[in-house]
$ cat structure.csv   # CSV, C-alpha atoms and all ligand atoms
chain,number,residue,atom,x,y,z
A,1,MET,CA,31.3,-5.5,10.2
A,2,ASP,CA,29.7,-8.4,8.3
A,3,VAL,CA,30.6,-9.0,4.7
A,4,ILE,CA,27.4,-7.6,3.2
A,5,SER,CA,27.7,-4.4,5.2
A,6,GLN,CA,31.2,-4.1,3.9
A,7,ILE,CA,30.1,-4.6,0.3
A,8,LYS,CA,27.4,-1.9,0.8
A,9,GLN,CA,29.9,0.5,2.2
A,10,ASN,CA,32.1,0.0,-0.8
A,11,ALA,CA,29.2,0.4,-3.2
A,12,ARG,CA,28.2,3.7,-1.5
A,13,ARG,CA,31.7,5.2,-2.1
A,14,GLN,CA,31.3,5.5,-5.8
A,15,PRO,CA,27.6,4.9,-6.8
A,16,GLN,CA,27.1,2.9,-10.0
A,17,THR,CA,24.1,3.0,-12.3
A,18,ILE,CA,22.2,-0.3,-12.1
A,19,VAL,CA,19.2,-1.2,-14.3
A,20,LEU,CA,16.4,-3.3,-12.9
A,21,PRO,CA,14.2,-4.6,-15.8
A,22,GLU,CA,11.7,-6.5,-13.6
A,23,SER,CA,9.7,-3.4,-12.5
A,24,TYR,CA,6.6,-5.6,-12.9
A,25,ASP,CA,7.5,-7.3,-9.6
A,26,ASP,CA,6.6,-5.3,-6.5
A,27,ARG,CA,9.8,-6.4,-4.7
A,28,MET,CA,11.8,-4.6,-7.3
A,29,LEU,CA,9.9,-1.4,-6.8
A,30,LEU,CA,10.5,-1.6,-3.0
A,31,ALA,CA,14.1,-2.5,-3.5
A,32,ALA,CA,14.7,0.4,-6.0
A,33,GLY,CA,13.3,2.9,-3.5
A,34,ARG,CA,15.5,1.6,-0.7
A,35,ILE,CA,18.7,1.4,-2.8
A,36,ALA,CA,18.3,4.9,-4.1
A,37,GLY,CA,17.4,6.2,-0.6
A,38,GLU,CA,20.4,4.5,1.0
A,39,GLY,CA,22.7,5.8,-1.8
A,40,LEU,CA,23.9,2.3,-2.7
A,41,ALA,CA,23.5,2.9,-6.5
A,42,ARG,CA,21.7,5.0,-9.1
A,43,ILE,CA,18.7,3.0,-10.1
A,44,VAL,CA,17.1,2.9,-13.6
A,45,LEU,CA,13.7,1.1,-13.5
A,46,LEU,CA,12.4,0.0,-16.9
A,47,GLY,CA,8.7,0.5,-17.6
A,48,ASP,CA,6.0,3.1,-18.2
A,49,PRO,CA,6.7,5.9,-15.7
A,50,GLU,CA,3.0,6.7,-15.0
A,51,SER,CA,2.1,3.0,-14.3
A,52,LEU,CA,5.3,2.6,-12.2
A,53,LEU,CA,4.5,5.6,-10.0
A,54,ASN,CA,0.9,4.4,-9.5
A,55,ARG,CA,2.0,1.0,-8.5
A,56,ALA,CA,4.7,2.4,-6.3
A,57,GLU,CA,2.2,4.4,-4.4
A,58,THR,CA,0.0,1.3,-3.9
A,59,VAL,CA,2.9,-0.8,-2.5
A,60,GLY,CA,4.5,2.1,-0.6
A,61,ALA,CA,7.7,2.4,-2.6
A,62,ASP,CA,9.5,5.8,-2.8
A,63,LEU,CA,10.7,6.2,-6.4
A,64,SER,CA,11.4,9.9,-6.1
A,65,ARG,CA,15.2,9.3,-6.6
A,66,VAL,CA,14.9,6.5,-9.2
A,67,THR,CA,15.1,7.1,-13.0
A,68,LEU,CA,12.1,5.6,-14.8
A,69,LEU,CA,12.7,4.6,-18.4
A,70,ALA,CA,10.1,3.3,-20.9
A,71,PRO,CA,12.0,1.2,-23.6
A,72,ALA,CA,9.2,1.8,-26.2
A,73,ALA,CA,9.6,5.6,-25.9
A,74,SER,CA,13.4,5.6,-25.5
A,75,ALA,CA,15.7,7.4,-28.0
A,76,LEU,CA,18.1,4.5,-27.5
A,77,LEU,CA,15.8,1.9,-29.1
A,78,GLN,CA,16.8,2.2,-32.7
A,79,ASP,CA,20.5,2.2,-32.0
A,80,TYR,CA,20.0,-0.8,-29.7
A,81,ALA,CA,18.0,-2.7,-32.3
A,82,GLU,CA,20.7,-2.2,-34.9
A,83,GLU,CA,23.4,-3.3,-32.6
A,84,LEU,CA,21.5,-6.4,-31.4
A,85,ALA,CA,20.8,-7.4,-35.0
A,86,ASP,CA,24.4,-7.1,-35.8
A,87,LEU,CA,25.4,-9.0,-32.7
A,88,ARG,CA,23.0,-11.9,-33.5
A,89,LYS,CA,23.4,-11.9,-37.3
A,90,HIS,CA,25.0,-15.3,-37.2
A,91,LYS,CA,21.5,-16.5,-35.8
A,92,GLY,CA,19.7,-14.6,-38.6
A,93,LEU,CA,18.2,-11.8,-36.4
A,94,THR,CA,16.9,-8.8,-38.4
A,95,VAL,CA,16.6,-5.3,-37.0
A,96,GLY,CA,12.8,-5.7,-36.9
A,97,GLU,CA,13.1,-8.9,-34.8
A,98,ALA,CA,15.7,-7.3,-32.6
A,99,CYS,CA,13.4,-4.4,-31.9
A,100,LYS,CA,10.6,-6.9,-30.9
A,101,GLN,CA,13.1,-8.7,-28.6
A,102,LEU,CA,14.1,-5.4,-27.0
A,103,LEU,CA,10.4,-4.5,-26.4
A,104,ALA,CA,9.5,-8.0,-25.0
A,105,LEU,CA,7.5,-7.8,-21.8
A,106,ASP,CA,10.4,-9.3,-19.7
A,107,GLN,CA,12.6,-6.3,-20.7
A,108,LEU,CA,15.7,-8.5,-20.1
A,109,HIS,CA,17.3,-7.8,-23.5
A,110,PHE,CA,16.8,-4.0,-23.2
A,111,ALA,CA,18.5,-4.1,-19.8
A,112,ALA,CA,21.3,-6.2,-21.2
A,113,MET,CA,21.8,-3.8,-24.1
A,114,MET,CA,22.0,-0.9,-21.6
A,115,VAL,CA,24.8,-2.7,-19.8
A,116,ARG,CA,26.5,-3.6,-23.1
A,117,LYS,CA,26.5,0.0,-24.3
A,118,GLY,CA,27.6,1.4,-20.9
A,119,ASP,CA,24.3,3.2,-20.4
A,120,ALA,CA,24.2,1.2,-17.1
A,121,ASP,CA,27.1,-0.2,-15.2
A,122,GLY,CA,25.2,-3.4,-14.3
A,123,ALA,CA,21.8,-5.1,-14.2
A,124,VAL,CA,20.0,-7.3,-11.7
A,125,ALA,CA,17.0,-9.6,-12.6
A,126,GLY,CA,15.6,-13.1,-11.7
A,127,ALA,CA,13.0,-12.2,-9.1
A,128,PHE,CA,10.4,-13.0,-11.8
A,129,ASN,CA,12.2,-14.6,-14.7
A,130,SER,CA,14.0,-18.0,-14.7
A,131,THR,CA,17.7,-18.3,-14.3
A,132,GLY,CA,18.0,-19.7,-17.8
A,133,ASP,CA,16.2,-16.7,-19.3
A,134,VAL,CA,18.3,-14.1,-17.4
A,135,LEU,CA,21.5,-15.9,-18.3
A,136,ARG,CA,20.6,-16.2,-21.9
A,137,ALA,CA,20.0,-12.4,-22.2
A,138,ALA,CA,23.3,-11.7,-20.5
A,139,LEU,CA,25.3,-14.2,-22.5
A,140,GLN,CA,23.8,-13.2,-25.8
A,141,VAL,CA,23.9,-9.4,-25.4
A,142,VAL,CA,26.6,-8.5,-22.8
A,143,GLY,CA,28.9,-11.3,-23.8
A,144,THR,CA,32.1,-12.5,-22.1
A,145,ALA,CA,35.0,-10.5,-20.7
A,146,PRO,CA,38.2,-10.3,-22.8
A,147,GLY,CA,40.1,-13.6,-22.5
A,148,ILE,CA,37.2,-15.4,-20.8
A,149,ARG,CA,35.2,-18.2,-22.6
A,150,THR,CA,33.3,-19.6,-19.7
A,151,VAL,CA,30.7,-17.5,-17.8
A,152,SER,CA,30.0,-19.0,-14.4
A,153,SER,CA,28.6,-18.0,-11.0
A,154,VAL,CA,29.9,-17.6,-7.5
A,155,MET,CA,27.8,-17.8,-4.3
A,156,LEU,CA,28.8,-16.0,-1.2
A,157,MET,CA,28.1,-18.3,1.8
A,158,VAL,CA,28.2,-16.8,5.3
A,159,THR,CA,28.4,-19.6,7.8
A,160,PRO,CA,28.0,-19.4,11.6
A,161,ARG,CA,31.5,-21.0,11.9
A,162,PRO,CA,34.3,-18.3,12.1
A,163,GLU,CA,37.0,-20.9,11.9
A,164,LEU,CA,36.0,-21.7,8.3
A,165,GLY,CA,37.1,-19.7,5.2
A,166,GLU,CA,37.5,-16.0,5.9
A,167,ASN,CA,35.9,-15.5,9.3
A,168,GLY,CA,33.1,-17.9,8.4
A,169,THR,CA,32.6,-16.7,4.8
A,170,LEU,CA,33.3,-18.9,1.8
A,171,LEU,CA,32.9,-18.6,-2.0
A,172,PHE,CA,31.2,-21.5,-3.8
A,173,ALA,CA,31.3,-22.0,-7.6
A,174,ASP,CA,29.7,-22.9,-9.9
A,175,CYS,CA,26.3,-23.4,-8.3
A,176,VAL,CA,24.1,-22.0,-11.1
A,177,VAL,CA,25.4,-21.8,-14.7
A,178,ASN,CA,27.5,-24.7,-16.2
A,179,PRO,CA,25.8,-28.2,-15.9
A,180,ARG,CA,29.0,-30.2,-16.7
A,181,PRO,CA,32.1,-28.1,-17.4
A,182,ASP,CA,35.0,-29.8,-19.2
A,183,ALA,CA,38.5,-29.5,-17.7
A,184,GLN,CA,39.2,-26.2,-19.5
A,185,ALA,CA,35.9,-24.6,-18.4
A,186,LEU,CA,36.4,-25.9,-14.8
A,187,ALA,CA,39.9,-24.3,-14.8
A,188,GLU,CA,38.4,-21.0,-16.0
A,189,ILE,CA,35.8,-21.2,-13.3
A,190,ALA,CA,38.5,-21.7,-10.7
A,191,VAL,CA,40.6,-18.8,-11.9
A,192,THR,CA,37.6,-16.4,-12.3
A,193,THR,CA,36.3,-17.3,-8.8
A,194,ALA,CA,39.7,-16.8,-7.2
A,195,ARG,CA,39.7,-13.3,-8.7
A,196,SER,CA,36.2,-12.7,-7.5
A,197,CYS,CA,37.4,-13.6,-4.0
A,198,ARG,CA,39.9,-10.7,-4.1
A,199,SER,CA,37.3,-8.2,-5.3
A,200,LEU,CA,34.5,-9.3,-3.0
A,201,LEU,CA,36.3,-10.2,0.2
A,202,GLY,CA,39.5,-8.2,-0.3
A,203,VAL,CA,41.7,-11.3,0.3
A,204,GLU,CA,43.7,-13.8,-1.8
A,205,ALA,CA,41.7,-16.9,-2.6
A,206,ARG,CA,42.8,-20.3,-1.3
A,207,ALA,CA,40.8,-22.3,-3.9
A,208,ALA,CA,40.1,-26.0,-3.5
A,209,MET,CA,39.0,-28.0,-6.5
A,210,LEU,CA,36.6,-30.5,-5.1
A,211,SER,CA,36.2,-34.2,-5.9
A,212,PHE,CA,35.4,-37.5,-4.3
A,213,SER,CA,39.2,-38.1,-4.3
A,214,THR,CA,42.0,-36.4,-2.5
A,215,MET,CA,45.4,-36.1,-4.3
A,216,GLY,CA,45.0,-39.4,-6.2
A,217,SER,CA,43.2,-41.5,-3.6
A,218,ALA,CA,40.8,-42.6,-6.3
A,219,ASP,CA,41.0,-42.9,-10.0
A,220,HIS,CA,38.1,-42.3,-12.3
A,221,GLU,CA,37.3,-40.2,-15.4
A,222,GLU,CA,35.5,-37.6,-13.2
A,223,VAL,CA,38.5,-37.3,-10.9
A,224,ARG,CA,40.9,-37.0,-13.9
A,225,ARG,CA,38.8,-34.1,-15.2
A,226,VAL,CA,39.2,-32.2,-12.0
A,227,ARG,CA,43.0,-33.1,-11.8
A,228,GLN,CA,43.5,-31.8,-15.4
A,229,ALA,CA,41.5,-28.6,-14.5
A,230,VAL,CA,43.9,-28.0,-11.6
A,231,GLN,CA,46.9,-28.1,-14.0
A,232,ILE,CA,45.2,-25.9,-16.6
A,233,ALA,CA,44.2,-23.4,-13.9
A,234,ARG,CA,47.7,-23.2,-12.6
A,235,SER,CA,49.0,-22.5,-16.1
A,236,LEU,CA,46.4,-19.9,-16.7
A,237,ALA,CA,47.1,-18.0,-13.4
A,238,PRO,CA,50.3,-19.3,-11.7
A,239,GLU,CA,50.0,-16.4,-9.2
A,240,LEU,CA,46.8,-17.8,-7.7
A,241,LEU,CA,46.6,-20.5,-4.9
A,242,ILE,CA,44.5,-23.2,-6.5
A,243,ASP,CA,45.0,-26.9,-5.4
A,244,GLY,CA,43.3,-30.2,-5.8
A,245,GLU,CA,41.8,-32.5,-6.4
A,246,MET,CA,40.5,-32.8,-2.9
A,247,GLN,CA,37.5,-33.9,-0.9
A,248,LEU,CA,35.5,-31.4,1.0
A,249,ASP,CA,36.8,-32.4,4.4
A,250,ALA,CA,40.4,-32.2,3.2
A,251,ALA,CA,39.6,-28.7,1.9
A,252,ILE,CA,38.2,-27.2,5.1
A,253,VAL,CA,39.3,-29.4,8.1
A,254,PRO,CA,42.9,-28.8,9.1
A,255,GLN,CA,43.3,-32.3,10.8
A,256,VAL,CA,41.9,-34.1,7.7
A,257,ALA,CA,44.1,-31.9,5.5
A,258,SER,CA,47.3,-32.8,7.4
A,259,GLN,CA,46.5,-36.5,6.8
A,260,LYS,CA,45.2,-36.5,3.3
A,261,ALA,CA,47.0,-33.5,1.7
A,262,PRO,CA,50.1,-32.6,3.7
A,263,GLY,CA,52.0,-29.7,2.3
A,264,SER,CA,49.0,-28.2,0.4
A,265,PRO,CA,48.8,-24.5,0.7
A,266,VAL,CA,45.1,-24.7,0.4
A,267,ALA,CA,43.9,-27.9,2.1
A,268,GLY,CA,42.4,-27.4,5.5
A,269,ARG,CA,42.0,-23.6,5.1
A,270,ALA,CA,40.2,-23.1,1.8
A,271,ASN,CA,38.1,-20.0,1.4
A,272,THR,CA,37.0,-20.8,-2.1
A,273,LEU,CA,35.3,-24.1,-3.1
A,274,ILE,CA,35.2,-25.1,-6.8
A,275,PHE,CA,32.6,-27.9,-7.3
A,276,PRO,CA,33.2,-30.4,-10.2
A,277,ASP,CA,29.7,-29.9,-11.7
A,278,LEU,CA,26.4,-28.2,-11.3
A,279,ASN,CA,24.8,-31.1,-9.5
A,280,ALA,CA,27.4,-30.9,-6.8
A,281,GLY,CA,27.5,-27.1,-6.7
A,282,ASN,CA,23.8,-26.5,-6.6
A,283,ILE,CA,23.1,-29.3,-4.0
A,284,GLY,CA,26.2,-28.2,-2.1
A,285,TYR,CA,25.1,-24.6,-1.5
A,286,LYS,CA,21.6,-25.6,-0.6
A,287,LEU,CA,22.8,-28.2,1.9
A,288,THR,CA,25.1,-25.7,3.5
A,289,GLU,CA,22.2,-23.2,3.6
A,290,ARG,CA,19.4,-25.5,4.7
A,291,ILE,CA,21.2,-28.0,7.0
A,292,ALA,CA,24.2,-26.1,8.2
A,293,GLY,CA,22.4,-22.8,8.8
A,294,ALA,CA,24.6,-20.8,6.5
A,295,GLN,CA,23.3,-17.7,4.7
A,296,ALA,CA,23.5,-17.7,0.9
A,297,ALA,CA,24.3,-14.0,1.0
A,298,GLY,CA,24.6,-13.2,-2.7
A,299,LEU,CA,25.0,-14.7,-6.1
A,300,MET,CA,27.2,-13.2,-8.7
A,301,VAL,CA,27.5,-14.1,-12.4
A,302,GLN,CA,31.2,-13.8,-13.3
A,303,GLY,CA,33.1,-13.8,-16.6
A,304,LEU,CA,30.7,-11.4,-18.4
A,305,ALA,CA,32.1,-8.3,-20.0
A,306,ARG,CA,30.0,-6.2,-17.5
A,307,PRO,CA,27.9,-7.4,-14.6
A,308,PHE,CA,24.3,-8.8,-15.1
A,309,ASN,CA,23.3,-10.7,-12.0
A,310,ASP,CA,20.6,-13.3,-11.3
A,311,MET,CA,18.4,-13.7,-8.3
A,312,SER,CA,16.4,-16.7,-7.0
A,313,ARG,CA,12.7,-16.2,-7.7
A,314,GLY,CA,12.2,-16.7,-3.9
A,315,CYS,CA,14.3,-13.6,-3.2
A,316,THR,CA,13.3,-11.0,-0.6
A,317,VAL,CA,13.6,-7.2,-1.0
A,318,GLU,CA,16.7,-7.4,1.2
A,319,ASP,CA,18.3,-10.0,-1.2
A,320,ILE,CA,17.7,-7.6,-4.1
A,321,VAL,CA,19.3,-4.7,-2.2
A,322,SER,CA,22.4,-6.8,-1.4
A,323,THR,CA,22.7,-8.1,-4.9
A,324,VAL,CA,22.5,-4.6,-6.3
A,325,ALA,CA,25.3,-3.6,-3.9
A,326,MET,CA,27.4,-6.6,-5.0
A,327,THR,CA,26.7,-5.8,-8.7
A,328,ALA,CA,27.9,-2.2,-8.1
A,329,VAL,CA,31.1,-3.4,-6.4
A,330,GLN,CA,31.7,-5.9,-9.2
A,331,SER,CA,31.4,-3.1,-11.7
A,332,LEU,CA,34.0,-1.2,-9.9
A,333,GLY,CA,36.4,-4.1,-10.5
A,401,LIG,N1,29.8,-19.2,-20.9
A,401,LIG,C1,29.9,-18.5,-22.0
A,401,LIG,N2,29.1,-18.6,-23.0
A,401,LIG,C2,28.0,-19.5,-22.9
A,401,LIG,C3,27.9,-20.3,-21.7
A,401,LIG,C4,28.8,-20.1,-20.7
A,401,LIG,N3,28.7,-20.8,-19.5
A,401,LIG,N4,26.7,-21.0,-21.9
A,401,LIG,C5,26.2,-20.7,-23.1
A,401,LIG,N5,27.0,-19.8,-23.7
A,401,LIG,C6,26.8,-19.2,-25.0
A,401,LIG,C7,26.3,-20.1,-26.1
A,401,LIG,O1,27.4,-20.7,-26.7
A,401,LIG,C8,25.5,-19.2,-26.9
A,401,LIG,O2,26.2,-18.5,-27.9
A,401,LIG,P1,25.6,-18.2,-29.3
A,401,LIG,O3,24.2,-17.8,-29.1
A,401,LIG,O4,26.4,-17.1,-29.9
A,401,LIG,O5,25.7,-19.5,-30.1
A,401,LIG,C9,25.0,-18.1,-26.0
A,401,LIG,O6,25.8,-18.2,-24.8
A,401,LIG,C10,23.5,-18.3,-25.6
A,401,LIG,O7,23.3,-19.6,-25.2
A,401,LIG,P2,22.1,-20.4,-25.6
A,401,LIG,O8,22.5,-21.5,-26.5
A,401,LIG,O9,20.9,-19.6,-26.0
A,401,LIG,O10,21.8,-21.0,-24.2
A,401,LIG,P3,22.2,-22.4,-23.7
A,401,LIG,O11,21.1,-23.4,-24.1
A,401,LIG,O12,23.6,-22.8,-23.9
A,401,LIG,O13,22.0,-22.2,-22.1
A,401,LIG,C11,22.3,-21.6,-19.9
A,401,LIG,C12,22.8,-21.4,-21.3
A,401,LIG,C13,21.0,-20.9,-19.8
A,401,LIG,C14,23.3,-20.9,-19.0
A,401,LIG,C15,22.2,-23.1,-19.6
A,401,LIG,O14,23.5,-23.7,-19.4
A,401,LIG,C16,21.5,-23.4,-18.3
A,401,LIG,O15,20.2,-23.5,-18.3
A,401,LIG,N6,22.2,-23.5,-17.1
A,401,LIG,C17,21.5,-23.9,-15.9
A,401,LIG,C18,20.7,-22.8,-15.3
A,401,LIG,C19,19.9,-23.3,-14.1
A,401,LIG,O16,18.8,-23.7,-14.3
A,401,LIG,N7,20.6,-23.3,-12.9
A,401,LIG,C20,20.1,-23.9,-11.7
A,401,LIG,C21,19.0,-23.2,-10.9
A,401,LIG,S1,19.3,-21.6,-10.4
A,401,LIG,C22,19.5,-21.5,-8.7
A,401,LIG,O17,19.6,-22.4,-8.0
A,401,LIG,C23,19.6,-20.1,-8.1
$ encode --input "structure.csv" --output "structure tokens" --more "lines below"
Ligand code: ACO
Amino acid sequence: MDVISQIKQNARRQPQTIVLPESYDDRMLLAAGRIAGEGLARIVLLGDPESLLNRAETVGADLSRVTLLAPAASALLQDYAEELADLRKHKGLTVGEACKQLLALDQLHFAAMMVRKGDADGAVAGAFNSTGDVLRAALQVVGTAPGIRTVSSVMLMVTPRPELGENGTLLFADCVVNPRPDAQALAEIAVTTARSCRSLLGVEARAAMLSFSTMGSADHEEVRRVRQAVQIARSLAPELLIDGEMQLDAAIVPQVASQKAPGSPVAGRANTLIFPDLNAGNIGYKLTERIAGAQAAGLMVQGLARPFNDMSRGCTVEDIVSTVAMTAVQSLG
């Protein structure tokens, strides 16, 4: 069974409640109907029920098993506004302003507040809104998990090469959130991603911290940042297999690993790739997708107190369905 089918199977075992704020995008309506129909999650769609049902009929989405919730008419609104104002009081937010933010047309903050308060187990957005806007709502409202300072992202890459990673599947991080993490943040990204590997793939991570240098072959400020991150990651989570710094070929090609990084428990067989910055990570996943023919099967934001995941604006209905399944599995822990 492929990795996405496996994730869907896990999601179905204990259906979670996932809120979709972007009901103004037809792909979300279609995905909501499919997810509820397939029993992957209980879906809450934000928006005016009558308008949603009319639009659903036009586009052929079946919302009969979906909960429709209008933020403006919700009994939750006042409580949410008070909590949001309290949460953002260091930025001077009043209850009135918080209420306006919760009723904004994008509905991102209302969804984030549902997740924060446990009224939903997770949220998925980004089909319409930019990554920055989705992440900001998640960071500001949901906040970080205990003990985590750096929220980051992990991309599940399914390659046509079974000899790579776990039967062709690898985790890439961070491809979306942190433009240039310092050594501490990079170490946290490595640790969080290694833990995501266990929850998503059900196997221990072999995490390679990538660089243009392998085990001291070059010396530069950027290499030293990665090397320092390896040390910090090991002290944060000594039980995890995290090694570096190493070049990409040393990470995934056994012959190169035996020359450049002999004795490394990760080199040559990495299933988790930690990129040194967002330029490398974002370009790296798109190269693998567009030139190597891999499938970018799902993006997960990690390190939040509860899941709020982002999609690419070019996403398909199937991408939304898979991301909701991943979000549900992430919520199960
Ligand atoms: N981890 C934890 N907290 C964070 C992080 C992080 N990585 N980044 C920001 N925060 C905190 C901030 O300190 C801030 O706290 P405060 O409001 O209490 O002071 C809060 O979260 C909100 O942050 P803002 O200051 O409003 O947002 P910021 O300007 O820092 O932007 C963002 C954060 C949106 C994640 C930014 O780093 C960004 O734009 N990243 C790149 C996104 C992107 O465009 N990715 C590539 C394309 S997407 C694709 O290819 C699929």
$ residues_around --input "structure.csv" --residues "Met215 (chain A)" --least-positions-apart "3" --cutoff "8 Å" --atoms "all atoms listed in the file" --output "count of residues only"
5
$ atom_distance --input "structure.csv" --atom1 "atom O11 of ligand LIG 401 (chain A)" --atom2 "CA of Leu273 (chain A)"
25.4 Å
$ closest_residue --input "structure.csv" --among "A:Ala251, A:Leu102, A:Ile4, A:Leu20" --to "Glu318 (chain A)" --atoms "all atoms listed in the file"
A:Ile4
$ residues_near_ligand --input "structure.csv" --ligand "ligand LIG 401 (chain A)" --cutoff "6 Å" --atoms "only C-alpha atoms and all ligand atoms" --output "list of chain:residue names"
A:Thr131, A:Gly132, A:Leu135, A:Arg136, A:Leu139, A:Gln140, A:Arg149, A:Thr150, A:Val151, A:Ser152, A:Val176, A:Val177, A:Asn178, A:Ser312
$ residues_around --input "structure.csv" --residues "Val134 (chain A)" --least-positions-apart "3" --cutoff "8 Å" --atoms "only C-alpha atoms" --output "list in words"
Leu108, Ala125, Gly126, Asn129, Ser130, Thr131, Ala137, Ala138 and Asp310 of chain A
$ closest_residue --input "structure.csv" --among "A:Cys99, A:Val191, A:Met209, A:Ala41" --to "Ala233 (chain A)" --atoms "only C-alpha atoms"
A:Val191
$ residues_around --input "structure.csv" --residues "Asp243 (chain A)" --least-positions-apart "5" --cutoff "9 Å" --atoms "all atoms listed in the file" --output "ChimeraX atom specification"
/A:206-209,230-231,234,264-267
$ atom_distance --input "structure.csv" --atom1 "CA of Gln107 (chain A)" --atom2 "CA of Phe128 (chain A)"
11.4 Å
$ closest_residue --input "structure.csv" --among "A:Asp219, A:Asp249, A:Glu166, A:Glu57" --to "Asp2 (chain A)" --atoms "only C-alpha atoms"
A:Glu166
$ closest_residue --input "structure.csv" --among "A:Met1, A:Gln302, A:Gln247, A:Phe275" --to "Gly216 (chain A)" --atoms "all atoms listed in the file"
A:Gln247
$ closest_residue --input "structure.csv" --among "A:Arg198, A:Lys286, A:Arg13, A:Lys91" --to "Glu38 (chain A)" --atoms "all atoms listed in the file"
A:Arg13
$ residues_around --input "structure.csv" --residues "Ser199 (chain A)" --least-positions-apart "3" --cutoff "10 Å" --atoms "only C-alpha atoms" --output "ChimeraX atom specification"
/A:7,193-196,202-204,329-330,332-333
$ atom_distance --input "structure.csv" --atom1 "CA of Arg12 (chain A)" --atom2 "CA of Val124 (chain A)"
17.1 Å
$ closest_residue --input "structure.csv" --among "A:Arg313, A:Arg34, A:Arg27, A:Arg227" --to "Val59 (chain A)" --atoms "all atoms listed in the file"
A:Arg27
$ residues_around --input "structure.csv" --residues "Thr327 (chain A)" --least-positions-apart "4" --cutoff "9 Å" --atoms "all atoms listed in the file" --output "mmCIF file with C-alpha atoms, keeping the file's coordinate frame"
data_model
loop_
_atom_site.group_PDB
_atom_site.id
_atom_site.type_symbol
_atom_site.label_atom_id
_atom_site.label_comp_id
_atom_site.auth_asym_id
_atom_site.auth_seq_id
_atom_site.Cartn_x
_atom_site.Cartn_y
_atom_site.Cartn_z
ATOM 1 C CA ALA A 11 29.200 0.400 -3.200
ATOM 2 C CA GLN A 16 27.100 2.900 -10.000
ATOM 3 C CA ILE A 18 22.200 -0.300 -12.100
ATOM 4 C CA ASP A 121 27.100 -0.200 -15.200
ATOM 5 C CA GLY A 122 25.200 -3.400 -14.300
ATOM 6 C CA ALA A 123 21.800 -5.100 -14.200
ATOM 7 C CA VAL A 124 20.000 -7.300 -11.700
ATOM 8 C CA MET A 300 27.200 -13.200 -8.700
ATOM 9 C CA PRO A 307 27.900 -7.400 -14.600
ATOM 10 C CA PHE A 308 24.300 -8.800 -15.100
ATOM 11 C CA ASN A 309 23.300 -10.700 -12.000
ATOM 12 C CA SER A 322 22.400 -6.800 -1.400
ATOM 13 C CA THR A 323 22.700 -8.100 -4.900
ATOM 14 C CA SER A 331 31.400 -3.100 -11.700
ATOM 15 C CA LEU A 332 34.000 -1.200 -9.900
#
$ build_atoms --input "structure.csv" --residues "region 139-151 of chain A" --atoms "N, CA and C atoms" --output "PDB file, keeping the file's coordinate frame"
ATOM      1  N   LEU A 139      24.257 -13.602 -21.669  1.00  0.00           N
ATOM      2  CA  LEU A 139      25.300 -14.200 -22.500  1.00  0.00           C
ATOM      3  C   LEU A 139      25.176 -13.731 -23.958  1.00  0.00           C
ATOM      4  N   GLN A 140      23.940 -13.611 -24.443  1.00  0.00           N
ATOM      5  CA  GLN A 140      23.800 -13.200 -25.800  1.00  0.00           C
ATOM      6  C   GLN A 140      24.104 -11.738 -26.074  1.00  0.00           C
ATOM      7  N   VAL A 141      23.809 -10.881 -25.125  1.00  0.00           N
ATOM      8  CA  VAL A 141      23.900  -9.400 -25.400  1.00  0.00           C
ATOM      9  C   VAL A 141      25.200  -8.842 -24.721  1.00  0.00           C
ATOM     10  N   VAL A 142      25.400  -9.123 -23.463  1.00  0.00           N
ATOM     11  CA  VAL A 142      26.600  -8.500 -22.800  1.00  0.00           C
ATOM     12  C   VAL A 142      27.845  -9.230 -23.221  1.00  0.00           C
ATOM     13  N   GLY A 143      27.777 -10.568 -23.321  1.00  0.00           N
ATOM     14  CA  GLY A 143      28.900 -11.300 -23.800  1.00  0.00           C
ATOM     15  C   GLY A 143      30.007 -11.493 -22.715  1.00  0.00           C
ATOM     16  N   THR A 144      31.074 -12.193 -23.102  1.00  0.00           N
ATOM     17  CA  THR A 144      32.100 -12.500 -22.100  1.00  0.00           C
ATOM     18  C   THR A 144      33.189 -11.433 -22.047  1.00  0.00           C
ATOM     19  N   ALA A 145      33.866 -11.398 -20.913  1.00  0.00           N
ATOM     20  CA  ALA A 145      35.000 -10.500 -20.700  1.00  0.00           C
ATOM     21  C   ALA A 145      36.148 -10.893 -21.608  1.00  0.00           C
ATOM     22  N   PRO A 146      37.026  -9.947 -21.972  1.00  0.00           N
ATOM     23  CA  PRO A 146      38.200 -10.300 -22.800  1.00  0.00           C
ATOM     24  C   PRO A 146      38.960 -11.473 -22.169  1.00  0.00           C
ATOM     25  N   GLY A 147      39.306 -12.453 -22.969  1.00  0.00           N
ATOM     26  CA  GLY A 147      40.100 -13.600 -22.500  1.00  0.00           C
ATOM     27  C   GLY A 147      39.329 -14.645 -21.752  1.00  0.00           C
ATOM     28  N   ILE A 148      38.011 -14.450 -21.577  1.00  0.00           N
ATOM     29  CA  ILE A 148      37.200 -15.400 -20.800  1.00  0.00           C
ATOM     30  C   ILE A 148      36.242 -16.108 -21.817  1.00  0.00           C
ATOM     31  N   ARG A 149      36.197 -17.453 -21.738  1.00  0.00           N
ATOM     32  CA  ARG A 149      35.200 -18.200 -22.600  1.00  0.00           C
ATOM     33  C   ARG A 149      34.064 -18.702 -21.792  1.00  0.00           C
ATOM     34  N   THR A 150      34.297 -18.911 -20.471  1.00  0.00           N
ATOM     35  CA  THR A 150      33.300 -19.600 -19.700  1.00  0.00           C
ATOM     36  C   THR A 150      32.681 -18.598 -18.633  1.00  0.00           C
ATOM     37  N   VAL A 151      31.417 -18.282 -18.805  1.00  0.00           N
ATOM     38  CA  VAL A 151      30.700 -17.500 -17.800  1.00  0.00           C
ATOM     39  C   VAL A 151      30.246 -18.480 -16.717  1.00  0.00           C
TER      40      VAL A 151
END
